[in-house]
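What follows is a short report on a single structure.
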Amino acid sequence: MSKIEEVYQLVSIGKAKLVPAAVQGALDEGNEATAILNTMIDAMGEVGDKFKRNEIFVPEMLVAARAMKKGVDVLKPHLTTGTAGANGKVIIGTVAGDLHDIGKNLVAMMIESAGFEVIDLGVDVPKEKFVEAYNANEGVKIIACSALLTTTMPALKDTVAYLNGQDFRGSIKVMVGGAPITQGFADEIGADAYTTDAASAAQKAKELVA
Ligand code: B1M
């Protein structure tokens, strides 16, 4: 089995301790960091499918997530470049009621790499917290919100509506994303931008402040 296949296997069965060495091995075998990242995302896809079929349960999803995070730690220096902070500040968080953070963390990492200082509010972030963070920080250019569940799409809608009602709205851009989100939904709720993945989120962030 090649190292990249091993990464897939180990993430999907949640072997957090073994993943870093396998990821390093896959890099050493000459695989691109983005290819290894995509392999881990595919492994999470399989985990999600097994969950949907009731073949595994929440604890197994959780250990797989931990394993993937360990792998991302090894990849981080290979995925990121750029001068943090030069383009201004981005506030990011996963919306209220939603505990998924791997996708949001990847977006944060790529946006940081695109030259922004990232203020990461974590998961399950109430809409008021985004505004508090804006008021507590100078130089915020973008507020970025993730929602990874169909059941938290209303919380994303609420958050964007709340941001849209703030006096400072004209001086920031609001970005949204996450697996169940679409361009149509982003338009409907009044966000400025929607992207499908972390790399395109970073690219879009640069365009929004250019
Ligand atoms: Co959850 N979960 N989960 N889960 N989980 C999904 C999302 C699910 C699709 C699995 C499935 O059924 N197939 C399903 C949602 C179904 C739906 O929405 N209808 C689901 C469910 C149902 C649940 C629970 C309700 C299960 C339960 O308790 N019965 C529960 C909800 C908890 C809560 O949030 N309140 C739950 C819990 C969990 C864990 C906590 C166990 C764990 C998360 C741990 C963690 O994140 N620290 C977990 C996991 C691991 C998953 C899967 C398996 C993997 C998620 C992941 O990390 N994907 C997931 C299945 C899947 O995704 N295929 C599943 C990899 C990640 C890189 O992708 O997050 O999509 P993603 O991020 C992408 C893009 O979406 C985009 O870029 C990222 C990188 O490319 N993106 C943005 C994200 N944010 C963006 C922001 C942007 C732009 C792009 O701009 C601002």
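Labels for the structure tokens follow display order: chains A, B, ..., residues from 1 in each chain, ligands from 1.
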
Once DSSP has gone over the backbone, tell me which residues of region 13-150 of chain A are in helix (DSSP H, G or I), as a ChimeraX atom specification. /A:19-28,33-52,58-79,102-113,127-136,150

Can you list every residue of chain A that has an atom at most 7 Å from ligand 1, with its nearest atom pair and the distance in Å to one decimal, using only C-alpha atoms and all ligand atoms, ordered by chain then number, as a tab-separated table?
residue	atom	partner	partner_atom_place_in_ligand_line	distance
A:Ile41	CA	ligand 1	65 (C)	5.0
A:Met44	CA	ligand 1	54 (C)	4.9
A:Gly45	CA	ligand 1	63 (N)	3.5
A:Glu46	CA	ligand 1	63 (N)	6.7
A:Val47	CA	ligand 1	53 (C)	5.0
A:Gly48	CA	ligand 1	60 (C)	3.6
A:Asp49	CA	ligand 1	13 (N)	4.8
A:Phe51	CA	ligand 1	12 (O)	5.6
A:Lys52	CA	ligand 1	12 (O)	4.4
A:Val58	CA	ligand 1	41 (C)	4.7
A:Pro59	CA	ligand 1	41 (C)	6.1
A:Met61	CA	ligand 1	41 (C)	4.5
A:Leu62	CA	ligand 1	41 (C)	4.0
A:Ala64	CA	ligand 1	50 (C)	6.3
A:Ala65	CA	ligand 1	50 (C)	4.6
A:Arg66	CA	ligand 1	47 (N)	6.9
A:Gly97	CA	ligand 1	35 (N)	5.1
A:Asp98	CA	ligand 1	34 (O)	3.5
A:Leu99	CA	ligand 1	34 (O)	3.5
A:His100	CA	ligand 1	46 (O)	3.3
A:Asp101	CA	ligand 1	46 (O)	3.9
A:Ile102	CA	ligand 1	57 (O)	4.5
A:Gly103	CA	ligand 1	72 (O)	3.2
A:Lys104	CA	ligand 1	84 (N)	4.5
A:Leu106	CA	ligand 1	79 (C)	5.7
A:Val107	CA	ligand 1	77 (O)	6.0
A:Ala144	CA	ligand 1	91 (C)	4.1
A:Cys145	CA	ligand 1	91 (C)	4.6
A:Ser146	CA	ligand 1	84 (N)	4.3
A:Ala147	CA	ligand 1	84 (N)	6.4
A:Leu148	CA	ligand 1	7 (C)	5.4
A:Leu149	CA	ligand 1	18 (O)	3.3
A:Thr150	CA	ligand 1	18 (O)	3.9
A:Thr151	CA	ligand 1	18 (O)	6.1
A:Met175	CA	ligand 1	91 (C)	4.7
A:Val176	CA	ligand 1	91 (C)	3.8
A:Gly177	CA	ligand 1	87 (C)	3.4
A:Gly178	CA	ligand 1	75 (O)	3.4
A:Ala179	CA	ligand 1	75 (O)	3.8
A:Pro180	CA	ligand 1	18 (O)	6.5
A:Tyr194	CA	ligand 1	90 (O)	6.1
A:Thr195	CA	ligand 1	88 (C)	4.8
A:Thr196	CA	ligand 1	89 (C)	4.8
A:Asp197	CA	ligand 1	77 (O)	3.4
A:Ala198	CA	ligand 1	77 (O)	4.4
A:Ala201	CA	ligand 1	88 (C)	5.1

All residues 8 Å or closer to region 74-81 of chain A, only C-alpha atoms, same chain fewer than 3 positions away omitted, as an NGL selection string: :A and (20 or 23-24 or 33-34 or 37 or 70-71 or 109-110 or 112-114)

Saved selection, atoms kept: N, CA and C atoms, as a PDB file, in the first residue's frame:
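And here's again-v5.pdb as it stands now:
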ATOM      1  N   PRO A  20       0.184  11.294  11.436  1.00  0.00           N
ATOM      2  CA  PRO A  20       1.283  12.215  11.093  1.00  0.00           C
ATOM      3  C   PRO A  20       2.426  11.532  10.338  1.00  0.00           C
ATOM      4  N   VAL A  23       1.357  10.796   6.783  1.00  0.00           N
ATOM      5  CA  VAL A  23       1.317  12.006   5.953  1.00  0.00           C
ATOM      6  C   VAL A  23       2.734  12.413   5.581  1.00  0.00           C
ATOM      7  N   GLN A  24       3.637  12.358   6.558  1.00  0.00           N
ATOM      8  CA  GLN A  24       5.037  12.688   6.262  1.00  0.00           C
ATOM      9  C   GLN A  24       5.588  11.722   5.207  1.00  0.00           C
ATOM     10  N   ALA A  33       1.135  18.339  -1.298  1.00  0.00           N
ATOM     11  CA  ALA A  33       0.382  18.524  -0.053  1.00  0.00           C
ATOM     12  C   ALA A  33      -1.125  18.610  -0.333  1.00  0.00           C
ATOM     13  N   THR A  34      -1.495  19.301  -1.428  1.00  0.00           N
ATOM     14  CA  THR A  34      -2.937  19.441  -1.724  1.00  0.00           C
ATOM     15  C   THR A  34      -3.556  18.073  -2.065  1.00  0.00           C
ATOM     16  N   LEU A  37      -4.130  16.384   1.194  1.00  0.00           N
ATOM     17  CA  LEU A  37      -5.291  17.009   1.848  1.00  0.00           C
ATOM     18  C   LEU A  37      -6.589  16.487   1.225  1.00  0.00           C
ATOM     19  N   LYS A  70      -4.702  15.929  12.914  1.00  0.00           N
ATOM     20  CA  LYS A  70      -3.265  15.627  13.092  1.00  0.00           C
ATOM     21  C   LYS A  70      -2.552  15.653  11.741  1.00  0.00           C
ATOM     22  N   GLY A  71      -3.232  15.141  10.735  1.00  0.00           N
ATOM     23  CA  GLY A  71      -2.643  15.141   9.397  1.00  0.00           C
ATOM     24  C   GLY A  71      -2.491  16.547   8.845  1.00  0.00           C
ATOM     25  N   MET A 109      -6.917  28.732   7.596  1.00  0.00           N
ATOM     26  CA  MET A 109      -5.498  28.528   7.285  1.00  0.00           C
ATOM     27  C   MET A 109      -5.135  29.111   5.919  1.00  0.00           C
ATOM     28  N   MET A 110      -5.994  28.870   4.924  1.00  0.00           N
ATOM     29  CA  MET A 110      -5.694  29.353   3.575  1.00  0.00           C
ATOM     30  C   MET A 110      -5.844  30.874   3.483  1.00  0.00           C
ATOM     31  N   GLU A 112      -5.316  32.943   5.963  1.00  0.00           N
ATOM     32  CA  GLU A 112      -4.110  33.476   6.634  1.00  0.00           C
ATOM     33  C   GLU A 112      -2.935  33.458   5.666  1.00  0.00           C
ATOM     34  N   SER A 113      -2.860  32.368   4.948  1.00  0.00           N
ATOM     35  CA  SER A 113      -1.775  32.217   3.986  1.00  0.00           C
ATOM     36  C   SER A 113      -1.873  33.223   2.841  1.00  0.00           C
ATOM     37  N   ALA A 114      -3.086  33.735   2.615  1.00  0.00           N
ATOM     38  CA  ALA A 114      -3.283  34.738   1.561  1.00  0.00           C
ATOM     39  C   ALA A 114      -2.982  36.149   2.080  1.00  0.00           C
TER      40      ALA A 114
END

Long-range neighbours of Glu5 (chain A) as a ChimeraX atom specification, 12 Å cut-off, only C-alpha atoms, 6 positions minimum in chain: /A:11-12,19,22-23,25-26,29,31,35-36,38-40,42-43

Deliver the residues from the most recent selection as a file, using C-alpha atoms, as an mmCIF file, in the first residue's frame.
data_model
loop_
_atom_site.group_PDB
_atom_site.id
_atom_site.type_symbol
_atom_site.label_atom_id
_atom_site.label_comp_id
_atom_site.auth_asym_id
_atom_site.auth_seq_id
_atom_site.Cartn_x
_atom_site.Cartn_y
_atom_site.Cartn_z
ATOM 1 C CA VAL A 11 -8.007 8.811 8.687
ATOM 2 C CA SER A 12 -11.127 6.826 7.859
ATOM 3 C CA VAL A 19 -1.590 9.682 10.728
ATOM 4 C CA ALA A 22 1.845 8.436 7.183
ATOM 5 C CA VAL A 23 1.317 12.006 5.953
ATOM 6 C CA GLY A 25 5.678 9.437 4.385
ATOM 7 C CA ALA A 26 3.284 10.501 1.621
ATOM 8 C CA GLU A 29 7.074 9.792 -1.593
ATOM 9 C CA ASN A 31 2.897 13.579 -3.257
ATOM 10 C CA ALA A 35 -3.298 15.869 -3.040
ATOM 11 C CA ILE A 36 -2.783 14.500 0.480
ATOM 12 C CA ASN A 38 -7.849 15.983 -0.773
ATOM 13 C CA THR A 39 -7.255 12.333 0.133
ATOM 14 C CA MET A 40 -8.088 13.116 3.750
ATOM 15 C CA ASP A 42 -12.251 12.015 0.599
ATOM 16 C CA ALA A 43 -11.676 9.790 3.638
#

Kindly indicate which residue among A:Ala202, A:Ile91, A:Val140, A:Ala96 lies nearest to Ile119 (chain A), using only C-alpha atoms for the distances. A:Ile91

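Comparing the minimum interatomic distances between Glu128 (chain A) and each of A:Asp158, A:Asp192, A:Asp28, A:Asp167, counting only C-alpha atoms, we find that A:Asp158 sits nearest.
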
Could you pull the residues within 8 Å of Ala108 (chain A), counting only C-alpha atoms, minus those fewer than 6 positions along the same chain, as JSON, numbers by chain? {"A": [92, 118, 120, 198]}

Can you list, as a CSV table (one decimal) with C-alpha atoms, in the first residue's frame, all residues belonging to region 34-202 of chain A that DSSP tags as strand (DSSP E or B)?
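For reference, part-v4.csv as written:
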chain,number,residue,atom,x,y,z
A,89,LYS,CA,-8.2,41.1,9.3
A,90,VAL,CA,-10.8,38.4,8.8
A,91,ILE,CA,-13.2,37.2,11.5
A,92,ILE,CA,-14.2,33.6,11.0
A,93,GLY,CA,-16.4,31.1,12.8
A,94,THR,CA,-18.8,28.2,12.4
A,95,VAL,CA,-22.4,29.4,13.1
A,117,GLU,CA,-4.7,38.1,10.1
A,118,VAL,CA,-7.4,35.7,11.1
A,119,ILE,CA,-9.5,36.0,14.2
A,120,ASP,CA,-11.0,32.6,14.7
A,125,VAL,CA,-20.7,31.0,17.4
A,140,VAL,CA,-11.5,44.0,10.0
A,141,LYS,CA,-12.3,43.7,6.3
A,142,ILE,CA,-14.2,40.4,6.1
A,143,ILE,CA,-16.5,38.3,8.2
A,144,ALA,CA,-16.5,34.7,7.1
A,145,CYS,CA,-19.1,32.2,8.3
A,146,SER,CA,-19.3,28.4,7.9
A,173,LYS,CA,-17.6,42.0,3.2
A,174,VAL,CA,-19.5,38.9,4.3
A,175,MET,CA,-18.3,35.5,3.0
A,176,VAL,CA,-20.2,32.2,3.5
A,177,GLY,CA,-19.5,28.6,2.8
A,193,ALA,CA,-19.5,36.0,-1.5
A,194,TYR,CA,-19.8,32.2,-1.5

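Closest to Tyr162 (chain A) among A:Tyr8, A:Phe130, A:Phe57, A:Phe116 is A:Phe130, based on only C-alpha atoms.
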
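Once Val209 (chain A) and its same-chain neighbours fewer than 3 positions away are set aside, Asn87, Lys141, Ala205 and Lys206 of chain A remain within 8 Å of it when counting only C-alpha atoms.
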
Pull all heavy atoms from the residues just selected and write them as a compact mmCIF listing (two decimals), in the first residue's frame.
# COMPACT_ATOMS: atom_id res chain seq x y z
N ASN A 87 -3.02 42.05 4.39
CA ASN A 87 -4.28 42.41 3.71
C ASN A 87 -5.41 42.82 4.65
O ASN A 87 -6.52 43.06 4.19
CB ASN A 87 -4.76 41.24 2.85
CG ASN A 87 -3.94 41.10 1.59
OD1 ASN A 87 -3.42 42.08 1.09
ND2 ASN A 87 -3.80 39.88 1.10
N LYS A 141 -11.78 43.44 7.63
CA LYS A 141 -12.26 43.68 6.27
C LYS A 141 -13.36 42.69 5.87
O LYS A 141 -14.17 42.96 5.02
CB LYS A 141 -11.09 43.51 5.28
CG LYS A 141 -9.90 44.43 5.53
CD LYS A 141 -10.11 45.75 4.83
CE LYS A 141 -8.94 46.71 4.97
NZ LYS A 141 -7.68 46.25 4.41
N ALA A 205 -11.23 36.10 -0.95
CA ALA A 205 -10.95 37.11 0.09
C ALA A 205 -10.00 38.18 -0.46
O ALA A 205 -10.21 39.38 -0.26
CB ALA A 205 -10.35 36.43 1.32
N LYS A 206 -8.99 37.73 -1.19
CA LYS A 206 -8.03 38.69 -1.78
C LYS A 206 -8.75 39.61 -2.77
O LYS A 206 -8.55 40.81 -2.78
CB LYS A 206 -6.90 37.94 -2.50
CG LYS A 206 -5.83 37.44 -1.55
CD LYS A 206 -4.53 37.13 -2.24
CE LYS A 206 -4.58 35.82 -2.98
NZ LYS A 206 -3.31 35.35 -3.50

May I ask for the distance between CA of Pro126 (chain A) and CA of Ala155 (chain A), given in Å to one decimal place?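 Separating CA of Pro126 (chain A) from CA of Ala155 (chain A) is a distance of 8.5 Å.
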
Hey, which of A:Gly115, A:Val63, A:Val131, A:Asn54 ends up closest to Gly85 (chain A)? Count only C-alpha atoms.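 Closest candidate: A:Gly115.
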